[in-house]
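K.L.:
For reference, the file upload.txt (compact mmCIF, C-alpha atoms) is included below:
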```txt
# COMPACT_ATOMS: atom_id res chain seq x y z
CA MET A 5 170.66 81.86 84.56
CA ASN A 6 166.94 81.82 83.76
CA TYR A 7 164.54 83.96 85.73
CA PRO A 8 160.91 82.88 85.63
CA GLY A 9 159.23 85.13 83.07
CA SER A 10 162.38 87.29 83.05
CA ILE A 11 160.69 89.56 85.54
CA LYS A 12 163.51 89.95 88.03
CA LYS A 13 166.11 90.46 85.33
CA GLU A 14 163.97 93.07 83.62
CA TYR A 15 163.57 94.96 86.83
CA ASN A 16 167.33 95.01 87.26
CA LYS A 17 167.83 96.31 83.77
CA TYR A 18 165.48 99.17 84.31
CA THR A 19 167.13 99.98 87.61
CA SER A 20 170.49 100.37 85.90
CA TYR A 21 168.68 102.63 83.41
CA ALA A 22 167.26 104.69 86.20
CA ASN A 23 170.72 105.04 87.74
CA ARG A 24 171.86 106.80 84.64
CA GLY A 25 168.68 108.87 84.83
CA MET A 26 167.84 108.62 81.12
CA ASN A 27 166.12 106.08 78.92
CA LEU A 28 167.33 105.13 75.43
CA GLU A 29 165.32 107.84 73.69
CA GLU A 30 166.58 110.50 76.08
CA LEU A 31 170.20 109.31 75.68
CA LEU A 32 169.84 109.57 71.89
CA ASN A 33 168.14 112.96 72.03
CA SER A 34 170.91 114.24 74.30
CA SER A 35 173.56 112.85 71.92
CA ASN A 36 171.87 114.45 68.92
CA GLU A 37 171.74 117.76 70.76
CA TYR A 38 175.47 117.47 71.41
CA TYR A 39 176.17 116.63 67.74
CA LEU A 40 174.08 119.65 66.71
CA LEU A 41 175.71 122.09 69.14
CA GLU A 42 179.19 120.90 68.16
CA ASP A 43 178.18 121.17 64.49
CA ILE A 44 179.06 117.50 63.91
CA ALA A 45 175.72 116.34 62.46
CA ILE A 46 172.10 117.46 62.11
CA ILE A 47 169.90 114.67 63.42
CA HIS A 48 166.40 115.05 64.82
CA LYS A 49 163.78 112.71 66.16
CA LYS A 50 160.56 112.99 64.20
CA PRO A 51 157.48 114.00 66.18
CA THR A 52 155.05 111.21 67.06
CA PRO A 53 152.75 110.77 64.07
CA ILE A 54 149.18 111.60 65.06
CA THR A 55 145.89 112.42 63.40
CA ILE A 56 144.37 115.51 64.98
CA SER A 57 140.59 115.40 65.04
CA GLU A 58 139.63 118.20 67.46
CA VAL A 59 141.27 121.51 68.35
CA LYS A 60 139.91 124.06 70.78
CA TYR A 61 141.00 127.63 71.36
CA GLY A 62 142.26 128.03 74.90
CA GLU A 63 142.97 131.34 76.63
CA LYS A 64 146.55 131.54 75.44
CA GLU A 65 146.92 128.98 72.70
CA ARG A 66 145.25 126.28 70.66
CA VAL A 67 144.78 122.99 72.50
CA ILE A 68 144.38 119.63 70.77
CA THR A 69 141.51 117.90 72.56
CA LYS A 70 141.24 114.80 70.41
CA ALA A 71 143.93 113.02 68.43
CA TYR A 72 144.90 109.47 67.53
CA PHE A 73 148.27 107.74 67.19
CA ARG A 74 149.19 106.66 63.66
CA THR A 75 151.49 103.79 62.71
CA PRO A 76 154.80 105.31 61.60
CA SER A 77 155.81 104.45 58.01
CA THR A 78 159.38 105.63 58.45
CA LEU A 79 161.96 105.40 61.23
CA ASP A 80 162.02 107.86 64.12
CA TYR A 81 165.34 109.63 63.53
CA ASN A 82 166.87 111.11 60.41
CA GLY A 83 169.36 113.73 59.34
CA ILE A 84 172.72 114.39 57.74
CA TYR A 85 176.27 113.45 58.76
CA LYS A 86 179.36 114.15 56.62
CA GLY A 87 177.07 114.74 53.65
CA LYS A 88 175.38 111.35 54.08
CA TYR A 89 171.68 110.82 54.76
CA LEU A 90 171.06 108.91 58.01
CA ASP A 91 167.78 107.20 58.91
CA PHE A 92 167.41 105.03 62.00
CA ASP A 93 165.35 103.90 64.93
CA ALA A 94 165.87 103.01 68.58
CA LYS A 95 164.49 99.74 69.91
CA GLU A 96 164.57 98.03 73.27
CA THR A 97 163.85 94.49 74.24
CA ASN A 98 163.71 92.68 77.56
CA ASN A 99 164.26 89.44 75.70
CA ARG A 100 167.74 88.19 76.57
CA THR A 101 168.33 85.66 73.81
CA SER A 102 166.94 87.30 70.69
CA PHE A 103 165.51 90.52 69.26
CA PRO A 104 161.92 89.94 68.09
CA LEU A 105 161.42 91.24 64.55
CA GLN A 106 157.85 92.20 65.41
CA ASN A 107 159.51 95.27 66.98
CA ILE A 108 159.98 96.57 63.43
CA HIS A 109 156.92 97.15 61.21
CA SER A 110 157.17 95.63 57.72
CA HIS A 111 156.93 99.07 56.07
CA GLN A 112 159.79 100.21 58.29
CA LEU A 113 161.89 97.33 56.95
CA SER A 114 161.13 98.23 53.34
CA HIS A 115 161.89 101.86 54.22
CA MET A 116 165.36 100.80 55.51
CA GLU A 117 165.99 98.79 52.37
CA SER A 118 164.93 101.71 50.20
CA VAL A 119 167.10 104.25 52.10
CA ILE A 120 170.17 102.04 51.68
CA ARG A 121 169.44 101.53 47.98
CA HIS A 122 169.22 105.31 47.52
CA GLY A 123 172.65 105.83 49.06
CA GLY A 124 171.71 106.57 52.66
CA ILE A 125 172.76 104.87 55.89
CA SER A 126 170.08 103.08 57.87
CA PHE A 127 170.45 101.22 61.15
CA LEU A 128 168.95 100.33 64.51
CA ILE A 129 170.19 101.28 67.95
CA ILE A 130 169.21 98.29 70.10
CA TYR A 131 169.17 98.23 73.89
CA MET A 132 169.44 94.62 75.00
CA ASN A 133 171.10 92.77 77.88
CA ASP A 134 172.18 96.11 79.34
CA ASN A 135 174.21 96.91 76.21
CA VAL A 136 173.51 99.45 73.50
CA PHE A 137 174.23 98.08 70.03
CA TYR A 138 174.52 99.64 66.59
CA LEU A 139 173.18 97.14 64.04
CA ASP A 140 173.48 98.26 60.44
CA GLY A 141 170.43 97.97 58.18
CA ILE A 142 172.47 95.89 55.73
CA GLU A 143 173.03 93.26 58.46
CA ILE A 144 169.35 93.31 59.43
CA LEU A 145 168.24 92.83 55.81
CA ASN A 146 170.87 90.10 55.29
CA PHE A 147 169.49 88.27 58.30
CA ILE A 148 165.90 88.55 57.08
CA ASN A 149 166.80 87.46 53.56
CA THR A 150 168.72 84.39 54.70
CA SER A 151 166.74 83.25 57.75
CA LYS A 152 163.15 82.34 58.39
CA ARG A 153 163.43 83.13 62.10
CA LYS A 154 161.10 85.73 63.55
CA SER A 155 163.78 87.10 65.85
CA ILE A 156 167.45 87.98 65.53
CA PRO A 157 169.57 85.87 67.94
CA TYR A 158 171.64 87.84 70.42
CA SER A 159 174.74 86.10 69.09
CA TYR A 160 174.04 87.57 65.62
CA ILE A 161 173.76 91.07 67.11
CA GLU A 162 177.00 90.55 69.05
CA GLU A 163 178.77 89.29 65.93
CA HIS A 164 177.41 91.74 63.33
CA GLY A 165 176.64 94.73 65.54
CA TYR A 166 178.86 97.18 67.40
CA ILE A 167 178.63 98.16 71.05
CA VAL A 168 177.94 101.89 71.34
CA GLU A 169 180.22 103.54 73.85
CA LYS A 170 178.49 105.26 76.77
CA LYS A 171 180.18 108.54 77.52
CA ILE A 172 179.37 111.91 79.01
CA LYS A 173 179.56 113.89 75.78
CA PRO A 174 177.84 112.56 73.79
CA ARG A 175 175.97 110.02 75.92
CA LEU A 176 175.90 107.49 73.08
CA ASP A 177 178.59 108.08 70.48
CA TYR A 178 176.97 106.15 67.66
CA LEU A 179 178.49 108.32 64.93
CA LYS A 180 181.87 106.86 65.89
CA ILE A 181 180.58 103.49 64.63
CA ILE A 182 179.45 105.09 61.38
CA ASP A 183 182.95 106.51 61.02
CA GLN A 184 184.37 102.98 61.43
CA ILE A 185 182.01 101.44 58.89
CA TYR A 186 181.52 104.20 56.31
CA PHE A 187 184.37 106.70 56.68
CA LYS A 188 187.33 104.43 57.39
CA GLU A 189 189.66 106.39 55.11
CA ASP A 190 189.22 109.60 57.17
CA MET B 4 145.49 146.18 39.16
CA ASN B 5 145.11 146.85 42.88
CA TYR B 6 142.28 145.35 44.86
CA PRO B 7 141.43 147.08 48.15
CA GLY B 8 143.07 144.97 50.88
CA SER B 9 143.80 142.31 48.26
CA ILE B 10 140.64 140.56 49.35
CA LYS B 11 139.16 139.86 45.97
CA LYS B 12 142.49 138.76 44.53
CA GLU B 13 143.09 136.41 47.44
CA TYR B 14 139.69 134.89 47.00
CA ASN B 15 140.48 134.25 43.34
CA LYS B 16 143.72 132.57 44.26
CA TYR B 17 142.02 130.22 46.61
CA THR B 18 139.36 129.51 44.03
CA SER B 19 141.96 128.44 41.51
CA TYR B 20 143.40 126.26 44.29
CA ALA B 21 140.04 124.74 44.94
CA ASN B 22 139.60 124.06 41.25
CA ARG B 23 142.62 121.85 41.36
CA GLY B 24 141.13 120.32 44.49
CA MET B 25 144.38 120.33 46.47
CA ASN B 26 146.27 122.85 48.53
CA LEU B 27 150.06 123.25 48.45
CA GLU B 28 150.68 120.69 51.17
CA GLU B 29 148.43 118.14 49.49
CA LEU B 30 150.10 118.72 46.13
CA LEU B 31 153.51 118.13 47.71
CA ASN B 32 152.35 115.06 49.62
CA SER B 33 150.91 113.64 46.42
CA SER B 34 154.17 114.36 44.56
CA ASN B 35 156.23 112.73 47.31
CA GLU B 36 153.97 109.68 47.18
CA TYR B 37 154.57 109.49 43.43
CA TYR B 38 158.35 109.83 43.90
CA LEU B 39 158.22 107.07 46.52
CA LEU B 40 156.09 104.68 44.43
CA GLU B 41 158.28 105.23 41.38
CA ASP B 42 161.37 104.72 43.57
CA ILE B 43 162.72 108.14 42.54
CA ALA B 44 163.20 109.63 46.02
CA ILE B 45 162.24 109.01 49.65
CA ILE B 46 160.74 112.22 50.98
CA HIS B 47 158.27 112.51 53.85
CA LYS B 48 156.54 115.34 55.64
CA LYS B 49 157.34 115.33 59.33
CA PRO B 50 154.36 114.99 61.66
CA THR B 51 153.17 118.18 63.38
CA PRO B 52 155.33 118.65 66.48
CA ILE B 53 153.18 118.43 69.59
CA THR B 54 153.58 117.91 73.32
CA ILE B 55 151.19 115.25 74.53
CA SER B 56 149.97 115.92 78.05
CA GLU B 57 147.01 113.55 78.45
CA VAL B 58 146.20 110.15 76.96
CA LYS B 59 143.13 108.08 77.71
CA TYR B 60 142.40 104.48 76.88
CA GLY B 61 139.39 104.27 74.58
CA GLU B 62 137.52 101.09 73.68
CA LYS B 63 139.71 100.26 70.72
CA GLU B 64 142.79 102.43 71.01
CA ARG B 65 144.57 105.13 72.97
CA VAL B 66 143.17 108.61 72.47
CA ILE B 67 145.15 111.80 73.06
CA THR B 68 142.82 114.09 74.99
CA LYS B 69 145.20 116.98 75.63
CA ALA B 70 148.17 118.13 73.57
CA TYR B 71 149.84 121.38 72.58
CA PHE B 72 151.45 122.58 69.36
CA ARG B 73 155.21 123.14 69.52
CA THR B 74 157.23 125.54 67.37
CA PRO B 75 159.12 123.46 64.78
CA SER B 76 162.91 123.79 64.91
CA THR B 77 163.44 122.15 61.54
CA LEU B 78 161.67 122.29 58.19
CA ASP B 79 158.61 120.16 57.43
CA TYR B 80 159.95 117.87 54.71
CA ASN B 81 163.13 115.85 54.43
CA GLY B 82 164.54 112.81 52.74
CA ILE B 83 166.99 111.49 50.19
CA TYR B 84 167.28 112.00 46.41
CA LYS B 85 170.14 110.62 44.30
CA GLY B 86 172.14 110.08 47.48
CA LYS B 87 171.70 113.72 48.55
CA TYR B 88 169.98 114.85 51.76
CA LEU B 89 167.02 117.16 51.08
CA ASP B 90 165.41 119.40 53.68
CA PHE B 91 162.71 121.92 52.79
CA ASP B 92 159.48 123.64 53.63
CA ALA B 93 156.34 124.81 51.84
CA LYS B 94 155.14 128.38 52.34
CA GLU B 95 152.26 130.40 50.98
CA THR B 96 151.65 134.10 50.97
CA ASN B 97 148.74 136.25 49.83
CA ASN B 98 151.13 139.14 49.57
CA ARG B 99 151.58 139.94 45.88
CA THR B 100 154.72 142.06 45.98
CA SER B 101 156.99 140.33 48.48
CA PHE B 102 157.41 137.22 50.63
CA PRO B 103 157.47 138.21 54.33
CA LEU B 104 160.45 136.63 56.11
CA GLN B 105 158.38 136.31 59.27
CA ASN B 106 156.98 133.20 57.53
CA ILE B 107 160.27 131.50 58.39
CA HIS B 108 161.33 131.13 62.04
CA SER B 109 164.89 132.23 62.80
CA HIS B 110 165.88 128.71 63.92
CA GLN B 111 164.51 127.39 60.64
CA LEU B 112 166.84 129.78 58.79
CA SER B 113 169.87 128.63 60.79
CA HIS B 114 168.75 125.04 60.18
CA MET B 115 168.77 125.70 56.40
CA GLU B 116 172.21 127.26 56.61
CA SER B 117 173.49 124.32 58.62
CA VAL B 118 172.01 121.70 56.25
CA ILE B 119 173.69 123.38 53.26
CA ARG B 120 177.02 123.59 55.12
CA HIS B 121 176.83 119.85 55.86
CA GLY B 122 176.37 119.00 52.19
CA GLY B 123 172.59 118.81 51.98
CA ILE B 124 170.14 120.66 49.74
CA SER B 125 167.70 123.03 51.43
CA PHE B 126 165.01 125.14 49.79
CA LEU B 127 161.51 126.59 50.01
CA ILE B 128 158.54 125.82 47.81
CA ILE B 129 156.65 129.13 47.71
CA TYR B 130 153.09 129.60 46.49
CA MET B 131 152.66 133.21 45.49
CA ASN B 132 150.74 135.08 42.79
CA ASP B 133 149.23 131.80 41.64
CA ASN B 134 152.67 130.38 40.87
CA VAL B 135 154.63 127.69 42.68
CA PHE B 136 158.31 128.58 43.00
CA TYR B 137 161.40 126.65 44.03
CA LEU B 138 163.75 129.04 45.85
CA ASP B 139 167.05 127.52 46.88
CA GLY B 140 168.26 128.03 50.45
CA ILE B 141 171.50 129.51 49.13
CA GLU B 142 169.50 132.30 47.42
CA ILE B 143 167.44 132.89 50.56
CA LEU B 144 170.55 133.15 52.74
CA ASN B 145 172.26 135.39 50.17
CA PHE B 146 169.27 137.71 50.27
CA ILE B 147 169.25 137.84 54.07
CA ASN B 148 173.00 138.41 54.27
CA THR B 149 172.99 141.27 51.78
CA SER B 150 169.67 143.00 52.50
CA LYS B 151 168.08 144.48 55.58
CA ARG B 152 164.58 144.05 54.15
CA LYS B 153 162.10 142.00 56.13
CA SER B 154 160.57 140.49 53.02
CA ILE B 155 161.89 139.06 49.77
CA PRO B 156 160.59 141.07 46.77
CA TYR B 157 158.63 139.07 44.21
CA SER B 158 161.12 140.21 41.55
CA TYR B 159 163.93 138.50 43.53
CA ILE B 160 161.94 135.26 43.66
CA GLU B 161 161.21 135.49 39.92
CA GLU B 162 164.87 136.14 39.15
CA HIS B 163 166.52 133.66 41.54
CA GLY B 164 163.78 131.05 41.86
CA TYR B 165 162.37 128.52 39.44
CA ILE B 166 158.72 127.96 38.55
CA VAL B 167 157.68 124.43 39.49
CA GLU B 168 155.79 122.73 36.70
CA LYS B 169 152.25 121.61 37.53
CA LYS B 170 151.61 118.21 36.05
CA ILE B 171 149.46 115.17 36.68
CA LYS B 172 152.28 112.87 37.77
CA PRO B 173 153.78 114.23 39.91
CA ARG B 174 151.57 117.20 40.69
CA LEU B 175 154.58 119.42 41.43
CA ASP B 176 157.78 118.17 39.82
CA TYR B 177 160.21 120.02 42.07
CA LEU B 178 162.93 117.36 41.77
CA LYS B 179 163.28 118.40 38.12
CA ILE B 180 164.56 121.76 39.40
CA ILE B 181 167.03 120.02 41.70
CA ASP B 182 168.25 118.07 38.66
CA GLN B 183 168.82 121.36 36.84
CA ILE B 184 170.71 122.97 39.72
CA TYR B 185 172.57 120.06 41.31
CA PHE B 186 172.75 117.22 38.79
CA LYS B 187 173.34 119.07 35.53
CA GLU B 188 175.95 116.58 34.30
CA ASP B 189 173.44 113.70 34.38
```
Translate this structure into structure tokens?

P.N.:
Amino acid sequence: MNYPGSIKKEYNKYTSYANRGMNLEELLNSSNEYYLLEDIAIIHKKPTPITISEVKYGEKERVITKAYFRTPSTLDYNGIYKGKYLDFDAKETNNRTSFPLQNIHSHQLSHMESVIRHGGISFLIIYMNDNVFYLDGIEILNFINTSKRKSIPYSYIEEHGYIVEKKIKPRLDYLKIIDQIYFKED
Amino acid sequence: MNYPGSIKKEYNKYTSYANRGMNLEELLNSSNEYYLLEDIAIIHKKPTPITISEVKYGEKERVITKAYFRTPSTLDYNGIYKGKYLDFDAKETNNRTSFPLQNIHSHQLSHMESVIRHGGISFLIIYMNDNVFYLDGIEILNFINTSKRKSIPYSYIEEHGYIVEKKIKPRLDYLKIIDQIYFKED
């Protein structure tokens, strides 16, 4: 069913988000905290890259009074799992039929390619159509290298990606997918 | 020779820094850029961790008008080299006889320990007495576990660390030390 401008559908999606009380970033941060506490993996979200241009000394601490957002040249999350370097990002789209590649900066794509070439694991966690997907960087680069489309069709994500299980602990067990793909022999 | 309060000596150190035109962080950033361009390693400095509390919309872009510095829970630099996860920090001290451990937060020390346990390489790049040292996390943790001292004597750093060569490209070739310690068979 098509909603005009997808507005109603989008609203519904965000309601179901709200029901869970956490957005994608919060779900991932909570999962990473769980992995850290259980000594399963060390994964952190990088701070927002900014350029600080003015700092004042407050009564108790220094306060940044002027700063600008910078375009990130890497992905937001990285760390180590079972000795392997992980590097990934979380993306959401309200688009129901395809994932627009403009969501990923070109230097982020070359970063993914480079990480994989150096022996790391790179991927995207995509929230789309009320599902959370793991889409490996290799599949993303394959798509880009073989298609001229500016967005990845939902069917491609369903076929080449993995649905990330929503649980209590951790909220999004994406390392389970990495086990399936990269540590099958374990 | 002892200078009262080390003031003169410190000044000299910073002069020799200035002569080179770059401080430790800049030398490392420049080295990491070289490693990246030459496709040797992918290592980035994490942005300064801050909590943004106020953003305004300027004419061209969003401007952060209030933000606070957060205590980092990890180290400043991480990335991948020869398939291995690297995680490290850069520290400077004007102290000539020992490196005060208060320069490293306790959660940064447990982070180092955890990274090593998960199969990564963790270390400090220390600028001290006009030398740049590589001191492996294993040596730092060994010192802490066997000594009650609140600072690492310079003699320990000289004995257990490695002097990082200052070159033109890269400015600080610290990966050469990692080759010596971790990739000897290559």

K.L.:
Quick check, in Å to one decimal: how far apart do CA of Ile124 in chain B and CA of Ile181 in chain B lie?

P.N.:
8.6 Å

K.L.:
Find the residues of chain A in contact range of chain B, meaning any atom within 6 Å when counting only C-alpha atoms, and list them as a list of chain:residue names.

P.N.:
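That gives the following set of residues: A:Pro51, A:Pro53, A:Val67, A:Ile68, A:Thr69, A:Lys70, A:Ala71, A:Tyr72, A:Gly87, A:Tyr89, A:His122, A:Gly123.
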
K.L.:
Between CA of Arg99 in chain B and CA of Arg152 in chain B, what is the spacing in Å?

P.N.:
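Between these atoms lies a distance of 15.9 Å.
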
K.L.:
With all atoms listed in the file as the basis for distance, which of A:Leu145, A:Leu105, A:Ile181, A:Ile129 is at the shortest distance from Pro157 in chain A?

P.N.:
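Going through A:Leu145, A:Leu105, A:Ile181, A:Ile129 one by one, the smallest distance to Pro157 in chain A is for A:Leu105.
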
K.L.:
Around the point (157.1, 118.5, 47.2) in the file's coordinates, collect all residues with an atom within 7 Å, using all atoms listed in the file, and return them as JSON, numbers by chain.

P.N.:
{"B": [31, 32, 34, 35, 175, 177]}

K.L.:
CA of Leu138 in chain B and CA of Lys169 in chain B are how many Å apart?

P.N.:
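CA of Leu138 in chain B sits 16.0 Å away from CA of Lys169 in chain B.
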
K.L.:
I'd like the contact shell of Asn107 in chain A - 9 Å cut-off, only C-alpha atoms, skipping same-chain residues fewer than 4 positions apart - returned as a ChimeraX atom specification.

P.N.:
/A:95-97,103

K.L.:
As a PDB file, in the coordinates of the input, could you write out range 68-78 of chain A once it has been completed with all heavy atoms?

P.N.:
```pdb
ATOM      1  N   ILE A  68     144.922 120.803  71.462  1.00  0.00           N
ATOM      2  CA  ILE A  68     144.380 119.630  70.770  1.00  0.00           C
ATOM      3  C   ILE A  68     143.599 118.828  71.806  1.00  0.00           C
ATOM      4  O   ILE A  68     144.146 118.446  72.849  1.00  0.00           O
ATOM      5  CB  ILE A  68     145.521 118.769  70.179  1.00  0.00           C
ATOM      6  CG1 ILE A  68     146.312 119.577  69.146  1.00  0.00           C
ATOM      7  CG2 ILE A  68     144.965 117.483  69.558  1.00  0.00           C
ATOM      8  CD1 ILE A  68     147.725 119.077  68.927  1.00  0.00           C
ATOM      9  N   THR A  69     142.322 118.605  71.567  1.00  0.00           N
ATOM     10  CA  THR A  69     141.510 117.900  72.560  1.00  0.00           C
ATOM     11  C   THR A  69     141.148 116.480  72.104  1.00  0.00           C
ATOM     12  O   THR A  69     140.593 115.709  72.881  1.00  0.00           O
ATOM     13  CB  THR A  69     140.234 118.693  72.882  1.00  0.00           C
ATOM     14  OG1 THR A  69     139.597 119.037  71.657  1.00  0.00           O
ATOM     15  CG2 THR A  69     140.553 119.960  73.660  1.00  0.00           C
ATOM     16  N   LYS A  70     141.422 116.179  70.847  1.00  0.00           N
ATOM     17  CA  LYS A  70     141.240 114.800  70.410  1.00  0.00           C
ATOM     18  C   LYS A  70     142.202 114.480  69.258  1.00  0.00           C
ATOM     19  O   LYS A  70     142.228 115.186  68.247  1.00  0.00           O
ATOM     20  CB  LYS A  70     139.793 114.537  69.966  1.00  0.00           C
ATOM     21  CG  LYS A  70     139.445 113.050  69.967  1.00  0.00           C
ATOM     22  CD  LYS A  70     138.068 112.797  69.409  1.00  0.00           C
ATOM     23  CE  LYS A  70     137.084 112.326  70.475  1.00  0.00           C
ATOM     24  NZ  LYS A  70     135.733 112.161  69.939  1.00  0.00           N
ATOM     25  N   ALA A  71     142.992 113.439  69.466  1.00  0.00           N
ATOM     26  CA  ALA A  71     143.930 113.020  68.430  1.00  0.00           C
ATOM     27  C   ALA A  71     144.234 111.545  68.599  1.00  0.00           C
ATOM     28  O   ALA A  71     144.092 110.994  69.695  1.00  0.00           O
ATOM     29  CB  ALA A  71     145.216 113.843  68.507  1.00  0.00           C
ATOM     30  N   TYR A  72     144.622 110.905  67.502  1.00  0.00           N
ATOM     31  CA  TYR A  72     144.900 109.470  67.530  1.00  0.00           C
ATOM     32  C   TYR A  72     146.334 109.191  67.065  1.00  0.00           C
ATOM     33  O   TYR A  72     146.862 109.911  66.223  1.00  0.00           O
ATOM     34  CB  TYR A  72     143.914 108.732  66.607  1.00  0.00           C
ATOM     35  CG  TYR A  72     142.487 108.925  67.035  1.00  0.00           C
ATOM     36  CD1 TYR A  72     141.725 109.968  66.521  1.00  0.00           C
ATOM     37  CD2 TYR A  72     141.909 108.078  67.975  1.00  0.00           C
ATOM     38  CE1 TYR A  72     140.413 110.168  66.937  1.00  0.00           C
ATOM     39  CE2 TYR A  72     140.609 108.269  68.393  1.00  0.00           C
ATOM     40  CZ  TYR A  72     139.858 109.313  67.872  1.00  0.00           C
ATOM     41  OH  TYR A  72     138.582 109.509  68.290  1.00  0.00           O
ATOM     42  N   PHE A  73     146.932 108.149  67.613  1.00  0.00           N
ATOM     43  CA  PHE A  73     148.270 107.740  67.190  1.00  0.00           C
ATOM     44  C   PHE A  73     148.184 107.046  65.841  1.00  0.00           C
ATOM     45  O   PHE A  73     147.275 106.245  65.612  1.00  0.00           O
ATOM     46  CB  PHE A  73     148.878 106.780  68.216  1.00  0.00           C
ATOM     47  CG  PHE A  73     149.198 107.452  69.525  1.00  0.00           C
ATOM     48  CD1 PHE A  73     148.331 107.349  70.606  1.00  0.00           C
ATOM     49  CD2 PHE A  73     150.356 108.205  69.668  1.00  0.00           C
ATOM     50  CE1 PHE A  73     148.614 107.977  71.818  1.00  0.00           C
ATOM     51  CE2 PHE A  73     150.651 108.829  70.874  1.00  0.00           C
ATOM     52  CZ  PHE A  73     149.777 108.717  71.945  1.00  0.00           C
ATOM     53  N   ARG A  74     149.118 107.354  64.955  1.00  0.00           N
ATOM     54  CA  ARG A  74     149.190 106.660  63.660  1.00  0.00           C
ATOM     55  C   ARG A  74     150.409 105.732  63.662  1.00  0.00           C
ATOM     56  O   ARG A  74     151.384 105.976  64.365  1.00  0.00           O
ATOM     57  CB  ARG A  74     149.402 107.680  62.521  1.00  0.00           C
ATOM     58  CG  ARG A  74     148.167 108.420  62.100  1.00  0.00           C
ATOM     59  CD  ARG A  74     148.279 108.905  60.647  1.00  0.00           C
ATOM     60  NE  ARG A  74     149.581 109.463  60.324  1.00  0.00           N
ATOM     61  CZ  ARG A  74     149.876 110.759  60.371  1.00  0.00           C
ATOM     62  NH1 ARG A  74     148.967 111.635  60.738  1.00  0.00           N
ATOM     63  NH2 ARG A  74     151.076 111.190  60.056  1.00  0.00           N
ATOM     64  N   THR A  75     150.337 104.683  62.853  1.00  0.00           N
ATOM     65  CA  THR A  75     151.490 103.790  62.710  1.00  0.00           C
ATOM     66  C   THR A  75     152.549 104.509  61.886  1.00  0.00           C
ATOM     67  O   THR A  75     152.246 104.983  60.783  1.00  0.00           O
ATOM     68  CB  THR A  75     151.078 102.487  61.993  1.00  0.00           C
ATOM     69  OG1 THR A  75     149.958 101.947  62.677  1.00  0.00           O
ATOM     70  CG2 THR A  75     152.210 101.486  61.997  1.00  0.00           C
ATOM     71  N   PRO A  76     153.777 104.615  62.380  1.00  0.00           N
ATOM     72  CA  PRO A  76     154.800 105.310  61.600  1.00  0.00           C
ATOM     73  C   PRO A  76     155.209 104.495  60.365  1.00  0.00           C
ATOM     74  O   PRO A  76     155.311 103.277  60.431  1.00  0.00           O
ATOM     75  CB  PRO A  76     155.976 105.448  62.566  1.00  0.00           C
ATOM     76  CG  PRO A  76     155.762 104.414  63.604  1.00  0.00           C
ATOM     77  CD  PRO A  76     154.290 104.130  63.663  1.00  0.00           C
ATOM     78  N   SER A  77     155.406 105.168  59.218  1.00  0.00           N
ATOM     79  CA  SER A  77     155.810 104.450  58.010  1.00  0.00           C
ATOM     80  C   SER A  77     157.304 104.612  57.763  1.00  0.00           C
ATOM     81  O   SER A  77     157.861 104.015  56.856  1.00  0.00           O
ATOM     82  CB  SER A  77     155.022 104.938  56.801  1.00  0.00           C
ATOM     83  OG  SER A  77     155.074 106.333  56.720  1.00  0.00           O
ATOM     84  N   THR A  78     157.935 105.463  58.579  1.00  0.00           N
ATOM     85  CA  THR A  78     159.380 105.630  58.450  1.00  0.00           C
ATOM     86  C   THR A  78     160.016 105.279  59.792  1.00  0.00           C
ATOM     87  O   THR A  78     159.348 104.754  60.670  1.00  0.00           O
ATOM     88  CB  THR A  78     159.731 107.089  58.088  1.00  0.00           C
ATOM     89  OG1 THR A  78     159.315 107.937  59.156  1.00  0.00           O
ATOM     90  CG2 THR A  78     159.042 107.519  56.806  1.00  0.00           C
TER      91      THR A  78
END
```
